[in-house]
Amino acid sequence: MSSSPYPIVAALDALTGALFLLTALGVVATRQVLASLQLFIMQSLLLSLSAFLLGIASSSVHLFAVAAITIATKTLLIPWLLRHTVSAEVYRTREVERVLNIPISLLLSAVLVVLAYVVAAPILSAVEVPFARINLPLGIAAIFLGAFTVAVRREAVPQLLGLLAVENGVFFAGIAIVPNLPVIAELAAAVDVPVITLVVGLLTRRIHTRLGTTSVGHLSALREH
Amino acid sequence: MELAAILIIPAVASCLSLLPLGRRFGAPITVAASVVVLILAAHAAVQVTRSGRLNALDEWLTCDALGALVLLLVALVGFTAALFSWGYIAKRSQHGARNIQRYYGLYNLFVLSMLAVPLLANVALMWIAVELTTLLSAFLVGYEDTPEALEAAWKYVVLTTLGAVLALLGFLILYWGSRVAGFEPFTWVGLVDAAPHMPPALLWPAFLLILVGFGTKVGLVPMHTWLPDAHSQAPASICALLSGVETTTVLYVILRLFPVIGVAPGLDARPWFIGFGLLSAGIATLLLIYVRDFKRMFAFSTVEHMGIILVAAGLGGADAHLGAAYQMTGHAIAKSFCFFAAGFTVMAVGTQDIASVRGLIRTSPIAAIALMAGGFAIAGAPPFAIFVSELVILRAGLTSGHYAVIAALAFFVVVAFCAVMFHVNRMVFGAPGPRTAALAMPGSCKATLVLAAIPLIAIGLYVPAPLQDLLRAAAAAMGG
């Protein structure tokens with residue numbers, strides 16, 4: 001952080017990163033589907049806040065664009081899409097049965113966060129980039145936690161939110177390591193996320209109408225005998 | 001200019017087939033569009049073989065020999081699968097015109113996304129194209145609307161998207177590396193230029209993330225679990241696209257990394273290619289023995305073949321890479337044919353269970369002959385192309401001294417051959433069961449089997465000179 005010319009911005013970014021990680025942990029641990037969605041929206045807001053802070057530090061218009069795109073797609077468009085594709089009944093769902101119980105999930109999550117720092121260490125020691133020291137390990141941690149969410153949650157919407165949390169993690173790391181990503185790539189990513197949501201949301205609706213459940217973790221007709 | 005046209009035509013066809021003009025409209029539009037795309041792709045491939053590279057739209061679209069080969073395969077299977085869809089989807093759709101229109105709308109977009117992968121010069125845009133192949137085909141996988149099909153579609157979307165997002169981090173790190181090295185254009189050519197100057201600590205995690213992330217979509221073991229589900233539950237025409245060319249298209253992206261890592265000092269991608277390849281081929285072979293569903297059988301065979309191609313790429317050298325390019329071609333043609341035969345069989349007997357199909361040669365001779373030919377072709381019997389390409393790969397591995405790898409690979413190939421032929425034999429011969437009601441098969445499906453059989457038989461016996469040049473140039477593009 002000593003390499004950063006903006007110590008206050010770096011401190012604020014570190015705080016944002018810590019809260020970002022907390023929301024990722026929250027998505028792993030929450031039982032309520034609706035609460036998971038709210039945590040995801042909070043996580044996306046923190047992502048765009050971090051992009052904004054980094055944009056100030058590196059005076060990069062690109063990062064302001066990322067912040068704006070993130071707010072528009074992830075905090076407004078995605079919740080709207082989900083409300084319109086997935087029925088209200090799904091939102092009221094409370095997961096009774098999980099693959100792992102919450103204390104064990106959180107314990108494993110802690111291990112994953114440590115692992116993220118271990119994975120990021122060799123990259124950080126090779127290349128010196130301000131803010132990457134904060135954002136890269138936390139981004140990788142969010143990726144691990146999101147993937148872990150997909151694995152332990154059985155409801156369809158939390159699995160989708162885990163997927164989108166992985167995407168948030170990638171971008172949380174991305175804004176620090178490639179602050180000048182071509183605009184075309186940002187726009188493409190901005191299109192991609194709502195399409196994922198739309199497809200998964202519609203699929204969830206069809207599974208719900210066809211099978212009367214959205215507990216996709218229990219679908220196991222297809223396997224080797 | 002044909003590169004731009006190749007992308008525009010399916011987009012137009014998609015819009016046209018969504019027009020509410022009844023259930024008979026989408027199929028001919030799609031077939032006509034795919035014929036034009038196939039001709040343009042063949043023309044582009046010829047030009048690429050002559051001039052080495054084709055650029056269009058201010059170098060936003062580009063195509064070298066390896067890209068042209070993939071483009072040609074996607075266009076070919078895009079055409080045969082469209083023709084097969086014509087009769088198959090009309091017969092299998094109880095839900096009326098609206099669903100059929102949606103099918104063709106998505107079908108054209110799905111083919112478009114696969115055509116875009118080898119054409120887009122910008123690597124970030126190419127990533128989007130790969131991701132779109134999943135999202136656009138999700139509803140095609142779940143088209144039959146059975147609980148199994150929806151389950152398969154769910155696993156397909158969630159797992160391959162997860163993989164693609166991991167690969168995205170890999171691509172961002174690659175971009176970071178090329179910026180650190182002081183190179184700007186984020187293209188495959190630019191990456192090969194930048195790779196020697198990139199810090200290995202960036203290049204290596206990027207490579208692993210992309211290999212594992214996109215390896216999920218290729219169906220590499222242990223990320224393959226979704227593949228047999230999706231490739232067995234989708235309609236046969238979509239299975240032909242998924243198994244025949246979607247896997248190949250994503251494998252193409254992984255193969256593109258090989259020359260990038262190859263020029264970086266101190267890094268070696270080969271052990272990873274060979275390791276993942278052998279693991280995939282081995283596990284898939286094991287699963288092939290115990291498989292009970294014949295569409296799943298062909299799906300596991302895809303995992304096996306992706307493994308073989310990856311091993312061939314990892315062996316290195318012009319001969320092994322020629323074998324890999326030839327195997328990609330042979331696999332795309334044979335696997336799509338196998339799924340047409342499987343779809344035909346499903347229509348004839350109404351089940352995918354191997355054990356309940358007996359004496360197919362008497363009840364449905366066309367299905368039986370097609371299944372037999374497809375089985376021989378995909379298992380690698382002479383005179384089919386896969387026999388030749390596997391021989392080329394095995395010989396190349398022996399000349400370069402990879403005895404243990406080749407011994408294992410040869411063992412898997414032989415066991416897989418026996419397993420596939422054992423299952424096909426049980427279905428084709430023997431006393432037919434009680435279900436003997438002969439159904440009238442759609443003419444377009446029969447036509448597809450005949451048309452798709454031409455390249456299936458032809459390229460095993462004789463590879464025409466232009467295709468030979470293309471394969472050699474594609475092998476050269478995979479790097480040394």
# chains A, B, ... in the order shown; residues from 1 in each chain; ligands from 1
call {"tool": "residues_around", "arguments": {"residues": "stretch 76-86 of chain A", "least_positions_apart": "5", "cutoff": "12 Å", "atoms": "only C-alpha atoms", "output": "ChimeraX atom specification"}}
result
/A:33-34,36-42,44-45,68-71,91-93,156-158,160-161,164,190-209,213-214
call {"tool": "select_by_dssp", "arguments": {"residues": "stretch 39-169 of chain B", "states": "helix (DSSP H, G or I)", "output": "ChimeraX atom specification"}}
result
/B:39-51,65-92,97-119,123-141,147-169
call {"tool": "interface_residues", "arguments": {"of": "chain A", "to": "chain B", "cutoff": "7 Å", "atoms": "only C-alpha atoms", "output": "PDB file with C-alpha atoms, in the first residue's frame"}}
result
ATOM      1  CA  PRO A 122       3.256 -15.500  -6.046  1.00  0.00           C
ATOM      2  CA  ILE A 123       1.417 -13.257  -8.534  1.00  0.00           C
ATOM      3  CA  ALA A 126       6.100 -10.906  -9.294  1.00  0.00           C
ATOM      4  CA  LEU A 163     -22.458 -17.833  -9.903  1.00  0.00           C
ATOM      5  CA  GLU A 167     -18.375 -12.977 -11.521  1.00  0.00           C
ATOM      6  CA  VAL A 170     -13.458 -11.749 -11.058  1.00  0.00           C
ATOM      7  CA  GLY A 174     -10.007  -7.255 -12.551  1.00  0.00           C
ATOM      8  CA  ILE A 177      -5.084  -5.611 -12.353  1.00  0.00           C
ATOM      9  CA  VAL A 178      -6.438  -4.251 -15.648  1.00  0.00           C
ATOM     10  CA  ALA A 185     -14.802  -5.771 -23.182  1.00  0.00           C
ATOM     11  CA  ALA A 188     -19.616  -7.147 -23.502  1.00  0.00           C
ATOM     12  CA  ILE A 196     -26.880 -15.280 -17.632  1.00  0.00           C
ATOM     13  CA  VAL A 199     -31.405 -17.677 -19.020  1.00  0.00           C
ATOM     14  CA  ILE A 207     -38.183 -26.187 -13.578  1.00  0.00           C
ATOM     15  CA  LEU A 211     -41.381 -30.114 -11.400  1.00  0.00           C
ATOM     16  CA  LEU A 219     -32.323 -33.321  -9.170  1.00  0.00           C
ATOM     17  CA  ALA A 221     -32.248 -38.627 -12.206  1.00  0.00           C
ATOM     18  CA  LEU A 222     -29.236 -38.429 -14.471  1.00  0.00           C
TER      19      LEU A 222
END
call {"tool": "closest_residue", "arguments": {"among": "B:Met478, B:Cys239, B:Val349, B:Met421", "to": "B:Val263", "atoms": "only C-alpha atoms"}}
result
B:Met478
call {"tool": "select_by_dssp", "arguments": {"residues": "stretch 61-131 of chain B", "states": "strand (DSSP E or B)", "output": "list of chain:residue names"}}
result
B:Leu61, B:Thr62, B:Cys63, B:Asp64, B:Leu120, B:Asn122
call {"tool": "write_last_selection", "arguments": {"atoms": "N, CA, C and O atoms", "output": "PDB file, in the first residue's frame"}}
result
ATOM      1  N   LEU B  61     -12.232  -8.989 -37.440  1.00  0.00           N
ATOM      2  CA  LEU B  61     -12.440 -10.392 -37.765  1.00  0.00           C
ATOM      3  C   LEU B  61     -11.183 -10.908 -38.435  1.00  0.00           C
ATOM      4  O   LEU B  61     -10.633 -10.272 -39.322  1.00  0.00           O
ATOM      5  N   THR B  62     -10.741 -12.064 -37.998  1.00  0.00           N
ATOM      6  CA  THR B  62      -9.546 -12.624 -38.590  1.00  0.00           C
ATOM      7  C   THR B  62      -9.668 -14.131 -38.595  1.00  0.00           C
ATOM      8  O   THR B  62     -10.447 -14.698 -37.826  1.00  0.00           O
ATOM      9  N   CYS B  63      -8.912 -14.766 -39.463  1.00  0.00           N
ATOM     10  CA  CYS B  63      -9.029 -16.214 -39.558  1.00  0.00           C
ATOM     11  C   CYS B  63      -7.714 -16.765 -40.057  1.00  0.00           C
ATOM     12  O   CYS B  63      -7.252 -16.375 -41.128  1.00  0.00           O
ATOM     13  N   ASP B  64      -7.087 -17.642 -39.282  1.00  0.00           N
ATOM     14  CA  ASP B  64      -5.922 -18.353 -39.795  1.00  0.00           C
ATOM     15  C   ASP B  64      -6.334 -19.799 -40.053  1.00  0.00           C
ATOM     16  O   ASP B  64      -7.525 -20.125 -39.994  1.00  0.00           O
ATOM     17  N   LEU B 120     -13.426 -14.000 -34.210  1.00  0.00           N
ATOM     18  CA  LEU B 120     -13.208 -12.745 -33.503  1.00  0.00           C
ATOM     19  C   LEU B 120     -11.731 -12.597 -33.135  1.00  0.00           C
ATOM     20  O   LEU B 120     -11.144 -13.484 -32.512  1.00  0.00           O
ATOM     21  N   ASN B 122     -10.323 -10.089 -31.257  1.00  0.00           N
ATOM     22  CA  ASN B 122     -10.144  -9.670 -29.878  1.00  0.00           C
ATOM     23  C   ASN B 122     -10.469 -10.826 -28.924  1.00  0.00           C
ATOM     24  O   ASN B 122     -11.557 -11.401 -28.977  1.00  0.00           O
TER      25      ASN B 122
END
call {"tool": "closest_residue", "arguments": {"among": "B:Ala90, B:Ile100, B:Leu451, B:Leu242", "to": "B:Tyr156", "atoms": "only C-alpha atoms"}}
result
B:Leu242
call {"tool": "atom_distance", "arguments": {"atom1": "atom CA of B:Ile361", "atom2": "atom CA of B:Val388"}}
result
28.1 Å
call {"tool": "closest_residue", "arguments": {"among": "A:Ala24, A:Val152, A:Ala132, A:Val127", "to": "A:Val113", "atoms": "only C-alpha atoms"}}
result
A:Ala24
call {"tool": "residues_around", "arguments": {"residues": "B:Pro259", "least_positions_apart": "4", "cutoff": "10 Å", "atoms": "only C-alpha atoms", "output": "NGL selection string"}}
result
:B and (188-189 or 191-192 or 195 or 255 or 263-264 or 269 or 476-480)
call {"tool": "atom_distance", "arguments": {"atom1": "atom CA of A:Gly139", "atom2": "atom CA of B:Gly213"}}
result
16.6 Å
call {"tool": "closest_residue", "arguments": {"among": "A:Ile104, A:Ala110, A:Val90, A:Val129", "to": "A:Leu22", "atoms": "only C-alpha atoms"}}
result
A:Ala110
call {"tool": "residues_around", "arguments": {"residues": "B:Ala370", "least_positions_apart": "5", "cutoff": "9 Å", "atoms": "only C-alpha atoms", "output": "ChimeraX atom specification"}}
result
/B:337-338,340-342,344,365,375,449,453
call {"tool": "write_last_selection", "arguments": {"atoms": "C-alpha atoms", "output": "short mmCIF file (atom, residue, chain, number, x, y, z; two decimals), in the first residue's frame"}}
result
data_model
loop_
_atom_site.label_atom_id
_atom_site.label_comp_id
_atom_site.auth_asym_id
_atom_site.auth_seq_id
_atom_site.Cartn_x
_atom_site.Cartn_y
_atom_site.Cartn_z
CA PHE B 337 -23.33 -38.65 -37.75
CA CYS B 338 -23.52 -40.89 -34.66
CA PHE B 340 -28.13 -38.42 -36.20
CA ALA B 341 -28.14 -42.22 -36.18
CA ALA B 342 -28.99 -42.20 -32.47
CA PHE B 344 -33.13 -41.89 -35.85
CA PRO B 365 -32.63 -51.36 -41.17
CA GLY B 375 -20.09 -46.87 -34.33
CA LEU B 449 -27.99 -39.62 -42.92
CA ALA B 453 -22.32 -40.28 -44.69
#
call {"tool": "atom_distance", "arguments": {"atom1": "atom CA of B:Ile386", "atom2": "atom CA of B:Leu220"}}
result
19.6 Å
call {"tool": "residues_around", "arguments": {"residues": "B:Ile354", "least_positions_apart": "4", "cutoff": "12 Å", "atoms": "only C-alpha atoms", "output": "list in words"}}
result
Tyr290, Val291, Arg292, Asp293, Phe294, Lys295, Arg296, Met297, Phe298, Ala342, Thr345, Val346, Val349, Gly350, Arg358, Gly359, Leu360, Val420, Phe422, His423, Val424, Asn425, Arg426, Met427 and Val428 of chain B
call {"tool": "residues_around", "arguments": {"residues": "B:Pro383", "least_positions_apart": "5", "cutoff": "8 Å", "atoms": "only C-alpha atoms", "output": "list of chain:residue names"}}
result
B:Val388, B:Ile457, B:Gly460, B:Leu461
call {"tool": "residues_around", "arguments": {"residues": "A:Val28", "least_positions_apart": "5", "cutoff": "12 Å", "atoms": "only C-alpha atoms", "output": "PyMOL selection string"}}
result
chain A and resi 21-23+33+35-37+39-40+98-110+142-154+158-159+161-163+165-166
